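File shown here: start-v1.tsv, holding TSV, C-alpha atoms.
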chain	number	residue	atom	x	y	z
A	1	MET	CA	124.09	106.99	35.18
A	2	ASP	CA	125.49	106.90	38.70
A	3	ASP	CA	126.89	103.38	38.82
A	4	PHE	CA	127.82	101.73	42.08
A	5	ILE	CA	130.24	98.98	41.20
A	6	ILE	CA	131.65	96.44	43.61
A	7	ALA	CA	134.05	93.83	42.26
A	8	GLY	CA	132.86	94.46	38.72
A	9	LYS	CA	129.14	94.14	39.46
A	10	CYS	CA	126.80	97.12	39.23
A	11	TYR	CA	124.25	97.76	41.99
A	12	LYS	CA	121.42	100.28	42.21
A	13	SER	CA	121.34	100.66	45.99
A	14	ARG	CA	124.24	102.17	47.90
A	15	LEU	CA	122.78	101.02	51.19
A	16	LEU	CA	124.02	97.66	52.46
A	17	VAL	CA	122.32	96.15	55.47
A	18	GLY	CA	122.93	93.47	58.04
A	19	THR	CA	120.42	90.82	59.05
A	20	GLY	CA	121.17	90.58	62.78
A	21	LYS	CA	119.19	91.61	65.87
A	22	TYR	CA	115.70	91.44	64.31
A	23	LYS	CA	112.73	90.06	66.23
A	24	ASP	CA	112.12	87.32	63.66
A	25	PHE	CA	112.72	86.47	60.02
A	26	SER	CA	109.57	88.21	58.85
A	27	GLU	CA	110.73	91.50	60.39
A	28	THR	CA	114.19	90.93	58.86
A	29	ARG	CA	112.69	90.43	55.44
A	30	ALA	CA	110.31	93.42	55.72
A	31	ALA	CA	113.10	95.75	56.86
A	32	ILE	CA	115.37	94.62	54.05
A	33	GLU	CA	112.63	95.15	51.49
A	34	ALA	CA	112.00	98.65	52.89
A	35	SER	CA	115.71	99.47	52.77
A	36	GLY	CA	115.89	98.64	49.07
A	37	SER	CA	119.27	97.00	49.72
A	38	GLU	CA	120.67	94.47	47.30
A	39	ILE	CA	123.77	93.47	49.26
A	40	ILE	CA	123.02	92.02	52.67
A	41	THR	CA	125.37	90.61	55.25
A	42	VAL	CA	124.96	87.27	56.98
A	43	ALA	CA	126.97	85.58	59.70
A	44	ILE	CA	128.24	82.00	59.66
A	45	ARG	CA	127.63	80.02	62.84
A	46	ARG	CA	127.68	76.46	64.12
A	47	THR	CA	124.35	74.79	63.60
A	48	ASN	CA	122.44	73.99	66.78
A	49	ILE	CA	122.64	70.24	67.20
A	50	GLY	CA	119.27	68.79	68.03
A	51	GLN	CA	117.34	71.88	66.96
A	52	ASN	CA	113.97	71.47	65.32
A	53	PRO	CA	114.93	70.39	61.79
A	54	ASP	CA	111.89	72.23	60.39
A	55	GLU	CA	113.08	75.54	61.81
A	56	PRO	CA	113.24	78.09	58.98
A	57	ASN	CA	116.65	78.95	57.62
A	58	LEU	CA	117.76	82.53	56.93
A	59	LEU	CA	118.62	81.56	53.36
A	60	ASP	CA	115.02	80.46	52.76
A	61	VAL	CA	113.83	83.93	53.81
A	62	LEU	CA	116.58	85.79	51.93
A	63	PRO	CA	117.33	83.63	48.91
A	64	PRO	CA	120.72	84.12	47.26
A	65	SER	CA	118.85	84.28	43.95
A	66	LYS	CA	117.27	87.58	45.00
A	67	PHE	CA	120.01	89.20	47.10
A	68	THR	CA	123.78	89.40	46.99
A	69	LEU	CA	124.69	87.76	50.27
A	70	LEU	CA	127.79	89.07	51.96
A	71	PRO	CA	129.01	86.53	54.50
A	72	ASN	CA	130.92	88.21	57.32
A	73	THR	CA	133.48	87.13	59.87
A	74	ALA	CA	131.86	88.88	62.82
A	75	GLY	CA	133.11	87.44	66.06
A	76	CYS	CA	136.49	86.38	64.64
A	77	TYR	CA	139.55	87.59	66.54
A	78	THR	CA	142.33	86.07	64.45
A	79	ALA	CA	143.17	85.92	60.76
A	80	GLU	CA	142.97	82.14	60.91
A	81	GLU	CA	139.40	82.10	62.30
A	82	ALA	CA	138.29	84.64	59.72
A	83	ILE	CA	139.80	82.68	56.84
A	84	ARG	CA	138.21	79.41	58.02
A	85	THR	CA	134.84	81.11	58.38
A	86	LEU	CA	134.93	82.52	54.86
A	87	ARG	CA	136.08	79.26	53.31
A	88	LEU	CA	133.05	77.61	54.93
A	89	ALA	CA	130.86	80.48	53.72
A	90	ARG	CA	132.06	80.00	50.16
A	91	GLU	CA	131.13	76.32	50.33
A	92	LEU	CA	127.79	77.15	51.95
A	93	LEU	CA	126.96	79.70	49.26
A	94	ASP	CA	128.02	77.56	46.29
A	95	GLY	CA	131.32	79.22	45.48
A	96	HIS	CA	130.22	82.80	46.07
A	97	SER	CA	133.38	84.85	46.56
A	98	LEU	CA	132.26	88.35	47.68
A	99	VAL	CA	132.82	88.54	51.43
A	100	LYS	CA	133.05	90.97	54.31
A	101	LEU	CA	136.22	90.56	56.33
A	102	GLU	CA	136.24	91.86	59.86
A	103	VAL	CA	138.73	90.79	62.50
A	104	LEU	CA	138.05	92.22	65.93
A	105	GLY	CA	140.64	93.12	68.51
A	106	ASP	CA	138.59	93.72	71.63
A	107	SER	CA	135.29	92.16	72.66
A	108	LYS	CA	134.27	95.18	74.71
A	109	THR	CA	134.65	97.94	72.10
A	110	LEU	CA	134.67	95.74	68.96
A	111	PHE	CA	137.60	97.76	67.60
A	112	PRO	CA	139.15	95.98	64.61
A	113	ASN	CA	142.53	94.25	64.86
A	114	ILE	CA	144.32	95.72	61.87
A	115	VAL	CA	147.36	93.44	61.92
A	116	GLU	CA	145.17	90.32	61.77
A	117	THR	CA	142.86	91.98	59.24
A	118	ILE	CA	145.72	92.63	56.81
A	119	LYS	CA	147.06	89.10	57.31
A	120	ALA	CA	143.64	87.58	56.60
A	121	ALA	CA	143.10	89.84	53.57
A	122	GLN	CA	146.39	88.70	52.02
A	123	THR	CA	145.42	85.03	52.22
A	124	LEU	CA	141.83	85.59	51.11
A	125	VAL	CA	142.84	87.62	48.06
A	126	LYS	CA	145.29	84.85	47.09
A	127	GLU	CA	142.41	82.38	47.36
A	128	ASN	CA	140.37	84.54	44.92
A	129	PHE	CA	137.95	85.94	47.44
A	130	GLN	CA	136.62	89.41	46.69
A	131	VAL	CA	137.18	91.10	50.00
A	132	MET	CA	135.20	94.04	51.34
A	133	VAL	CA	137.13	94.91	54.44
A	134	TYR	CA	136.03	96.46	57.71
A	135	THR	CA	138.74	98.68	59.14
A	136	SER	CA	139.52	101.63	61.37
A	137	ASP	CA	139.43	105.15	59.91
A	138	ASP	CA	143.20	105.20	59.36
A	139	PRO	CA	143.92	106.31	55.76
A	140	ILE	CA	147.29	104.55	55.62
A	141	VAL	CA	145.79	101.23	56.68
A	142	ALA	CA	143.09	101.75	54.05
A	143	LYS	CA	145.77	102.22	51.41
A	144	GLN	CA	147.56	99.06	52.53
A	145	LEU	CA	144.34	97.04	52.37
A	146	GLU	CA	143.73	98.37	48.90
A	147	GLU	CA	147.26	97.37	47.86
A	148	VAL	CA	146.64	93.87	49.19
A	149	GLY	CA	143.75	93.68	46.71
A	150	CYS	CA	140.59	94.34	48.72
A	151	VAL	CA	137.66	95.36	46.49
A	152	ALA	CA	136.17	97.85	48.97
A	153	ILE	CA	137.40	99.61	52.08
A	154	MET	CA	134.85	99.90	54.87
A	155	PRO	CA	135.96	102.16	57.70
A	156	LEU	CA	134.01	102.57	60.89
A	157	ALA	CA	132.32	105.94	61.42
A	158	SER	CA	132.23	105.10	65.13
A	159	LEU	CA	132.23	101.79	66.98
A	160	ILE	CA	130.03	98.85	65.95
A	161	GLY	CA	126.57	99.11	67.48
A	162	SER	CA	127.30	102.49	69.10
A	163	GLY	CA	125.08	104.67	66.90
A	164	MET	CA	127.46	107.55	67.60
A	165	GLY	CA	127.53	108.75	64.01
A	166	ILE	CA	130.52	110.05	62.08
A	167	LEU	CA	133.16	111.00	64.60
A	168	ASN	CA	136.01	111.80	62.25
A	169	PRO	CA	134.75	113.12	58.93
A	170	TRP	CA	138.22	114.45	58.09
A	171	ASN	CA	139.83	111.02	58.13
A	172	LEU	CA	136.98	109.63	56.05
A	173	GLN	CA	137.47	112.48	53.61
A	174	ILE	CA	141.17	111.64	53.25
A	175	MET	CA	140.39	107.95	52.74
A	176	ILE	CA	137.82	108.79	50.05
A	177	ASP	CA	140.20	111.18	48.31
A	178	ARG	CA	143.06	108.70	48.30
A	179	ALA	CA	141.21	105.46	47.51
A	180	THR	CA	140.80	103.97	44.05
A	181	VAL	CA	138.30	101.34	45.25
A	182	PRO	CA	134.89	102.09	46.79
A	183	VAL	CA	134.87	103.38	50.38
A	184	LEU	CA	131.82	102.52	52.46
A	185	VAL	CA	131.07	103.57	55.99
A	186	ASP	CA	130.52	100.40	57.98
A	187	ALA	CA	129.48	100.74	61.61
A	188	GLY	CA	128.50	103.66	63.79
A	189	VAL	CA	125.54	105.08	61.88
A	190	GLY	CA	122.74	105.86	64.36
A	191	THR	CA	120.12	107.68	62.36
A	192	ALA	CA	119.28	108.89	58.87
A	193	SER	CA	121.31	112.11	59.05
A	194	ASP	CA	124.47	110.11	59.81
A	195	ALA	CA	123.98	108.10	56.63
A	196	ALA	CA	123.31	111.28	54.64
A	197	ILE	CA	126.49	112.91	56.01
A	198	ALA	CA	128.55	109.84	55.06
A	199	MET	CA	127.22	110.03	51.52
A	200	GLU	CA	127.67	113.82	51.32
A	201	LEU	CA	131.33	113.32	52.23
A	202	GLY	CA	131.63	111.22	49.10
A	203	CYS	CA	131.39	107.70	50.49
A	204	ASP	CA	130.34	105.19	47.86
A	205	GLY	CA	127.93	103.48	50.20
A	206	VAL	CA	126.93	102.80	53.79
A	207	LEU	CA	126.61	99.48	55.58
A	208	MET	CA	124.50	99.30	58.72
A	209	ASN	CA	122.60	96.87	60.90
A	210	THR	CA	121.85	98.07	64.42
A	211	ALA	CA	120.65	101.53	63.35
A	212	ILE	CA	117.75	99.82	61.61
A	213	ALA	CA	117.24	96.71	63.74
A	214	ALA	CA	117.35	98.57	67.06
A	215	ALA	CA	115.02	101.40	65.96
A	216	LYS	CA	111.58	101.41	67.60
A	217	ASP	CA	110.12	100.84	64.14
A	218	PRO	CA	112.82	99.05	62.16
A	219	ILE	CA	110.84	98.95	58.94
A	220	MET	CA	110.22	102.69	58.93
A	221	MET	CA	113.88	103.32	59.81
A	222	ALA	CA	114.94	101.09	56.92
A	223	SER	CA	112.90	103.29	54.61
A	224	ALA	CA	114.40	106.44	56.19
A	225	MET	CA	117.91	105.08	55.61
A	226	ARG	CA	117.13	104.32	52.00
A	227	LYS	CA	116.07	107.94	51.46
A	228	ALA	CA	119.01	109.32	53.46
A	229	VAL	CA	121.55	107.40	51.41
A	230	GLU	CA	119.88	108.51	48.17
A	231	ALA	CA	119.59	112.13	49.36
A	232	GLY	CA	123.19	112.22	50.56
A	233	ARG	CA	124.43	110.79	47.28
A	234	GLU	CA	122.46	113.33	45.24
A	235	ALA	CA	123.68	116.19	47.42
A	236	TYR	CA	127.25	115.00	46.92
A	237	LEU	CA	126.82	114.80	43.14
A	238	ALA	CA	124.99	118.13	43.03
A	239	GLY	CA	127.89	119.81	44.83
A	240	ARG	CA	126.99	121.84	47.87
A	241	MET	CA	127.17	125.64	48.04
A	242	GLU	CA	130.17	127.19	49.66
A	243	LYS	CA	129.92	127.78	53.41
A	244	LYS	CA	130.16	131.43	54.45
A	245	PHE	CA	130.07	132.88	57.92
A	246	TYR	CA	127.45	135.34	56.68
A	247	SER	CA	126.27	136.47	53.32
A	248	ALA	CA	125.41	139.81	51.77
A	249	SER	CA	123.51	137.93	49.10
A	250	PRO	CA	119.85	137.35	50.08
A	251	SER	CA	117.81	134.80	48.23
A	252	SER	CA	115.22	137.35	47.17
A	253	PRO	CA	115.97	140.23	44.79
A	254	ILE	CA	117.16	143.53	46.28
A	255	ASP	CA	115.68	145.67	43.51
A	256	GLY	CA	112.07	146.79	43.77
A	257	ILE	CA	111.86	146.53	47.54
A	258	SER	CA	108.74	148.26	48.89
A	259	PRO	CA	109.43	151.67	50.50
A	260	LEU	CA	107.82	150.27	53.66
A	261	SER	CA	110.98	148.31	54.18
A	262	SER	CA	113.54	150.99	54.99
A	263	HIS	CA	116.41	148.93	56.45
A	264	LYS	CA	119.80	149.68	54.96
B	265	MET	CA	130.32	52.77	68.85
B	266	ILE	CA	132.38	55.69	67.65
B	267	GLN	CA	132.71	59.15	69.10
B	268	LEU	CA	132.84	62.27	66.92
B	269	ILE	CA	133.37	65.83	68.07
B	270	ILE	CA	130.67	67.85	66.32
B	271	ASN	CA	130.76	71.61	66.84
B	272	GLY	CA	132.91	71.02	69.89
B	273	GLU	CA	130.51	68.51	71.51
B	274	PRO	CA	131.18	64.75	71.74
B	275	GLN	CA	128.50	62.70	69.96
B	276	GLN	CA	128.14	58.89	69.81
B	277	PHE	CA	127.26	56.97	66.67
B	278	GLU	CA	126.68	53.24	66.07
B	279	SER	CA	129.54	52.80	63.61
B	280	SER	CA	131.64	54.58	61.03
B	281	LEU	CA	129.44	56.37	58.53
B	282	ASN	CA	129.71	58.77	55.64
B	283	LEU	CA	128.85	62.46	55.90
B	284	GLN	CA	125.57	62.05	54.06
B	285	GLN	CA	124.47	59.34	56.52
B	286	LEU	CA	125.64	61.48	59.41
B	287	LEU	CA	123.51	64.40	58.24
B	288	GLU	CA	120.49	62.12	57.80
B	289	ASN	CA	121.11	60.79	61.28
B	290	MET	CA	121.07	64.36	62.62
B	291	GLY	CA	118.03	65.48	60.59
B	292	LEU	CA	120.17	67.93	58.62
B	293	GLN	CA	119.87	66.41	55.15
B	294	ASN	CA	118.75	68.91	52.48
B	295	LYS	CA	119.62	71.80	54.81
B	296	ARG	CA	121.89	74.60	53.65
B	297	ILE	CA	124.97	73.76	55.67
B	298	ALA	CA	128.70	73.51	55.13
B	299	ILE	CA	131.03	71.00	56.77
B	300	GLU	CA	134.63	71.17	57.88
B	301	HIS	CA	136.14	67.75	58.64
B	302	ASN	CA	139.37	67.78	60.69
B	303	GLY	CA	140.00	71.31	59.44
B	304	GLU	CA	139.29	70.58	55.78
B	305	ILE	CA	136.20	71.78	53.96
B	306	ILE	CA	134.29	68.99	52.30
B	307	PRO	CA	132.34	69.92	49.15
B	308	ARG	CA	128.68	68.89	49.29
B	309	SER	CA	129.15	66.72	46.21
B	310	ARG	CA	131.55	64.50	48.15
B	311	PHE	CA	129.47	63.94	51.30
B	312	SER	CA	128.57	60.37	50.39
B	313	ASP	CA	132.16	59.23	49.82
B	314	TYR	CA	133.52	60.82	52.95
B	315	ILE	CA	133.76	58.36	55.83
B	316	VAL	CA	134.06	59.72	59.37
B	317	THR	CA	135.83	57.69	62.02
B	318	GLU	CA	136.54	57.68	65.75
B	319	GLY	CA	137.75	61.01	67.11
B	320	ASP	CA	137.08	63.03	63.96
B	321	ARG	CA	136.28	66.68	64.49
B	322	LEU	CA	133.46	68.20	62.47
B	323	GLU	CA	132.19	71.73	62.19
B	324	ILE	CA	128.72	72.10	60.70
B	325	VAL	CA	127.72	75.68	59.96
B	326	VAL	CA	124.72	77.62	58.69
B	327	ALA	CA	124.05	81.22	57.70
B	328	VAL	CA	122.40	83.28	60.44
B	329	GLY	CA	121.45	86.92	60.83
B	330	GLY	CA	124.44	89.19	61.29
B	331	GLY	CA	125.81	92.63	60.50

As structure tokens, the full file:
Amino acid sequence: MDDFIIAGKCYKSRLLVGTGKYKDFSETRAAIEASGSEIITVAIRRTNIGQNPDEPNLLDVLPPSKFTLLPNTAGCYTAEEAIRTLRLARELLDGHSLVKLEVLGDSKTLFPNIVETIKAAQTLVKENFQVMVYTSDDPIVAKQLEEVGCVAIMPLASLIGSGMGILNPWNLQIMIDRATVPVLVDAGVGTASDAAIAMELGCDGVLMNTAIAAAKDPIMMASAMRKAVEAGREAYLAGRMEKKFYSASPSSPIDGISPLSSHK
Amino acid sequence: MIQLIINGEPQQFESSLNLQQLLENMGLQNKRIAIEHNGEIIPRSRFSDYIVTEGDRLEIVVAVGGG
């Protein structure tokens, strides 16, 4: 059995998805169903004062009884903001402690601020949060976050929302080799092959939002991502053949070749 | 009249009230929300004993779509 365990809980799907940027809640729900994801991220925002009180709520569409909700700190630029946001999230979600920490450093590129991220992680771990942490693809930072007590390390493959794919597979490889907690690619996946490559490298999972939500057909892309993550995982477990510049070993037998074929 | 700062915006209310009454006043009762009162998170179970007064700062949050 190929268990995917986060903070002691076993999941079937290694694809984690965000719930942002969809046309409406029904598209969000359909895409999430098609993705097969069990862990889904949500953001915490100020309620609109004076909004229609009958307006549907995301948690009605994606009930915490059916999904593992992963509240994030998207849009936070300091440790303090991120900590406040997640304390509110824990209250909102009835004591739920699994969270996604991300502290940004630059509103233009959305690069993470590592110093603030580590600071926030230290406090959150002390407060018994189970922290899945978004970070750069620096293996030393990943190790430090693990030492702080984060339950999963989630490096970017490329910048949030860029769809640029996996820009530094070698760093990811080092992080995977060195980590003793799950490593998930979070951010940068653009299409199914990117997700498959992440999984073939040995990532434990992939988290994405824009790659699905910004596809022309988000529901079909969600299904493609589900297959890509599964395929990549199986390929990783199967163990790929060795790469050779060329091979003197054809797939078909050499013996019994028809005399019509006279190449030597 | 008292003034509260709710999600950064000044709002007027008739008199001091508890958080449960405030939510009813705003049509937010029975909604999935969380409240921070002057920087402190107030558990839902304590909404009806928590009195808000002039100048208090409240943050009322919900879960929304995000990645």

Would you pick out the contacts of Gly303 of chain B at 8 Å or less, using all atoms listed in the file, so that residues sharing its chain but fewer than 2 positions from it are not included, and give the list as JSON, numbers by chain? {"B": [300, 301, 305, 321, 322]}

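Here atom CA of Val42 of chain A is placed at a distance of 11.0 Å from atom CA of Leu93 of chain A.
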
Please find the residues of chain B near chain A - the criterion being any atom within 7 Å, counting only C-alpha atoms - and write them as a PyMOL selection string. chain B and resi 271+291-292+296-298+305+307+323-331

Once 5 Å is added on each side, what are the centre and the three edge lengths, in Å to one decimal, of the axis-aligned box enclosing the listed atoms of segment 95-107 of chain A? Present them as JSON.
{"center_x": 135.4, "center_y": 86.5, "center_z": 59.1, "size_x": 20.4, "size_y": 24.5, "size_z": 37.2}

Set the distance at 10 Å and use only C-alpha atoms: which residues neighbour segment 215-219 of chain A once local chain neighbours fewer than 2 positions away are removed? I'd like the list as a ChimeraX atom specification. /A:22-23,27-35,190-191,210-213,221-225

Please save C-alpha atoms of the selected residues as a short mmCIF file (atom, residue, chain, number, x, y, z; two decimals), in the frame of the given file.
data_model
loop_
_atom_site.label_atom_id
_atom_site.label_comp_id
_atom_site.auth_asym_id
_atom_site.auth_seq_id
_atom_site.Cartn_x
_atom_site.Cartn_y
_atom_site.Cartn_z
CA TYR A 22 115.70 91.44 64.31
CA LYS A 23 112.73 90.06 66.23
CA GLU A 27 110.73 91.50 60.39
CA THR A 28 114.19 90.93 58.86
CA ARG A 29 112.69 90.43 55.44
CA ALA A 30 110.31 93.42 55.72
CA ALA A 31 113.10 95.75 56.86
CA ILE A 32 115.37 94.62 54.05
CA GLU A 33 112.63 95.15 51.49
CA ALA A 34 112.00 98.65 52.89
CA SER A 35 115.71 99.47 52.77
CA GLY A 190 122.74 105.86 64.36
CA THR A 191 120.12 107.68 62.36
CA THR A 210 121.85 98.07 64.42
CA ALA A 211 120.65 101.53 63.35
CA ILE A 212 117.75 99.82 61.61
CA ALA A 213 117.24 96.71 63.74
CA MET A 221 113.88 103.32 59.81
CA ALA A 222 114.94 101.09 56.92
CA SER A 223 112.90 103.29 54.61
CA ALA A 224 114.40 106.44 56.19
CA MET A 225 117.91 105.08 55.61
#

Residues near segment 5-11 of chain A, anyone? I mean within 12 Å using only C-alpha atoms, not counting same-chain ones fewer than 4 positions away, as a PyMOL selection string. chain A and resi 1+15-16+36-39+67-68+70+97-99+128-132+149-153+180-184+204-205

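Across the model, the gap from atom CA of Asp177 of chain A to atom CA of Glu147 of chain A is 15.5 Å.
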
Need the shell around Gln275 of chain B: protein/DNA/RNA residues with any atom at most 12 Å away, counting only C-alpha atoms. Skip same-chain ones fewer than 6 positions apart. Format as an mmCIF file with C-alpha atoms, in the frame of the given file?
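Once written, selection.cif looks like this:
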data_model
loop_
_atom_site.group_PDB
_atom_site.id
_atom_site.type_symbol
_atom_site.label_atom_id
_atom_site.label_comp_id
_atom_site.auth_asym_id
_atom_site.auth_seq_id
_atom_site.Cartn_x
_atom_site.Cartn_y
_atom_site.Cartn_z
ATOM 1 C CA ILE A 49 122.640 70.240 67.200
ATOM 2 C CA GLY A 50 119.270 68.790 68.030
ATOM 3 C CA MET B 265 130.320 52.770 68.850
ATOM 4 C CA ILE B 266 132.380 55.690 67.650
ATOM 5 C CA GLN B 267 132.710 59.150 69.100
ATOM 6 C CA LEU B 268 132.840 62.270 66.920
ATOM 7 C CA ILE B 269 133.370 65.830 68.070
ATOM 8 C CA LEU B 286 125.640 61.480 59.410
ATOM 9 C CA ASN B 289 121.110 60.790 61.280
ATOM 10 C CA MET B 290 121.070 64.360 62.620
ATOM 11 C CA THR B 317 135.830 57.690 62.020
ATOM 12 C CA GLU B 318 136.540 57.680 65.750
ATOM 13 C CA GLY B 319 137.750 61.010 67.110
ATOM 14 C CA ASP B 320 137.080 63.030 63.960
ATOM 15 C CA ARG B 321 136.280 66.680 64.490
ATOM 16 C CA LEU B 322 133.460 68.200 62.470
#

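The shell of residues at most 12 Å from Leu201 of chain A, with all atoms listed in the file counted and near chain neighbours (fewer than 6 positions) removed, consists of A:Ala157, A:Ile166, A:Asn168, A:Pro169, A:Trp170, A:Asn171, A:Leu172, A:Gln173, A:Ile174, A:Met175, A:Ile176, A:Asp177, A:Val183, A:Leu184, A:Val185, A:Asp194, A:Ala195, A:Val229, A:Gly232, A:Arg233, A:Glu234, A:Ala235, A:Tyr236, A:Leu237, A:Gly239, A:Arg240.
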
Just give me the gap between atom CA of Pro112 of chain A and atom CA of Pro64 of chain A in Å, one decimal is fine. 28.0 Å

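For the point (133.4, 100.8, 65.4), the residues with at least one atom inside 6 Å, counting only C-alpha atoms, are A:Phe111, A:Leu156, A:Ser158, A:Leu159, A:Ile160, A:Ala187, A:Gly188.
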
In terms of the shortest atom-to-atom distance over all atoms listed in the file, which of A:Ser162, A:Ser251, A:Gln122, A:Ala231 is closest to Thr109 of chain A? A:Ser162

Rebuild segment 270-284 of chain B to N, CA, C and O atoms - output it as a compact mmCIF listing (two decimals), keeping the file's coordinate frame, please.
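Output file selection29.txt is given in full below:
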# COMPACT_ATOMS: atom_id res chain seq x y z
N ILE B 270 131.42 67.03 67.27
CA ILE B 270 130.67 67.85 66.32
C ILE B 270 130.40 69.21 66.95
O ILE B 270 129.79 69.30 68.01
N ASN B 271 130.89 70.24 66.31
CA ASN B 271 130.76 71.61 66.84
C ASN B 271 131.22 71.68 68.29
O ASN B 271 130.58 72.32 69.13
N GLY B 272 132.30 70.98 68.56
CA GLY B 272 132.91 71.02 69.89
C GLY B 272 132.30 70.08 70.92
O GLY B 272 132.81 69.95 72.02
N GLU B 273 131.19 69.40 70.56
CA GLU B 273 130.51 68.51 71.51
C GLU B 273 130.73 67.04 71.11
O GLU B 273 130.54 66.70 69.95
N PRO B 274 131.07 66.18 72.09
CA PRO B 274 131.18 64.75 71.74
C PRO B 274 129.81 64.16 71.42
O PRO B 274 128.83 64.46 72.10
N GLN B 275 129.75 63.35 70.37
CA GLN B 275 128.50 62.70 69.96
C GLN B 275 128.81 61.24 69.64
O GLN B 275 129.82 60.97 69.00
N GLN B 276 127.93 60.32 70.05
CA GLN B 276 128.14 58.89 69.81
C GLN B 276 127.34 58.43 68.58
O GLN B 276 126.20 58.86 68.41
N PHE B 277 127.96 57.58 67.80
CA PHE B 277 127.26 56.97 66.67
C PHE B 277 127.52 55.48 66.67
O PHE B 277 128.54 55.02 67.21
N GLU B 278 126.61 54.71 66.06
CA GLU B 278 126.68 53.24 66.07
C GLU B 278 127.99 52.73 65.46
O GLU B 278 128.63 51.85 66.00
N SER B 279 128.35 53.30 64.31
CA SER B 279 129.54 52.80 63.61
C SER B 279 130.04 53.90 62.68
O SER B 279 129.39 54.93 62.57
N SER B 280 131.15 53.62 62.02
CA SER B 280 131.64 54.58 61.03
C SER B 280 130.56 54.82 59.99
O SER B 280 129.82 53.91 59.62
N LEU B 281 130.45 56.06 59.53
CA LEU B 281 129.44 56.37 58.53
C LEU B 281 129.94 57.49 57.64
O LEU B 281 130.93 58.14 57.98
N ASN B 282 129.28 57.68 56.49
CA ASN B 282 129.71 58.77 55.64
C ASN B 282 128.97 60.05 56.03
O ASN B 282 128.01 60.02 56.81
N LEU B 283 129.42 61.17 55.48
CA LEU B 283 128.85 62.46 55.90
C LEU B 283 127.37 62.58 55.57
O LEU B 283 126.61 63.16 56.33
N GLN B 284 126.97 62.00 54.43
CA GLN B 284 125.57 62.05 54.06
C GLN B 284 124.72 61.31 55.09
O GLN B 284 123.69 61.82 55.56
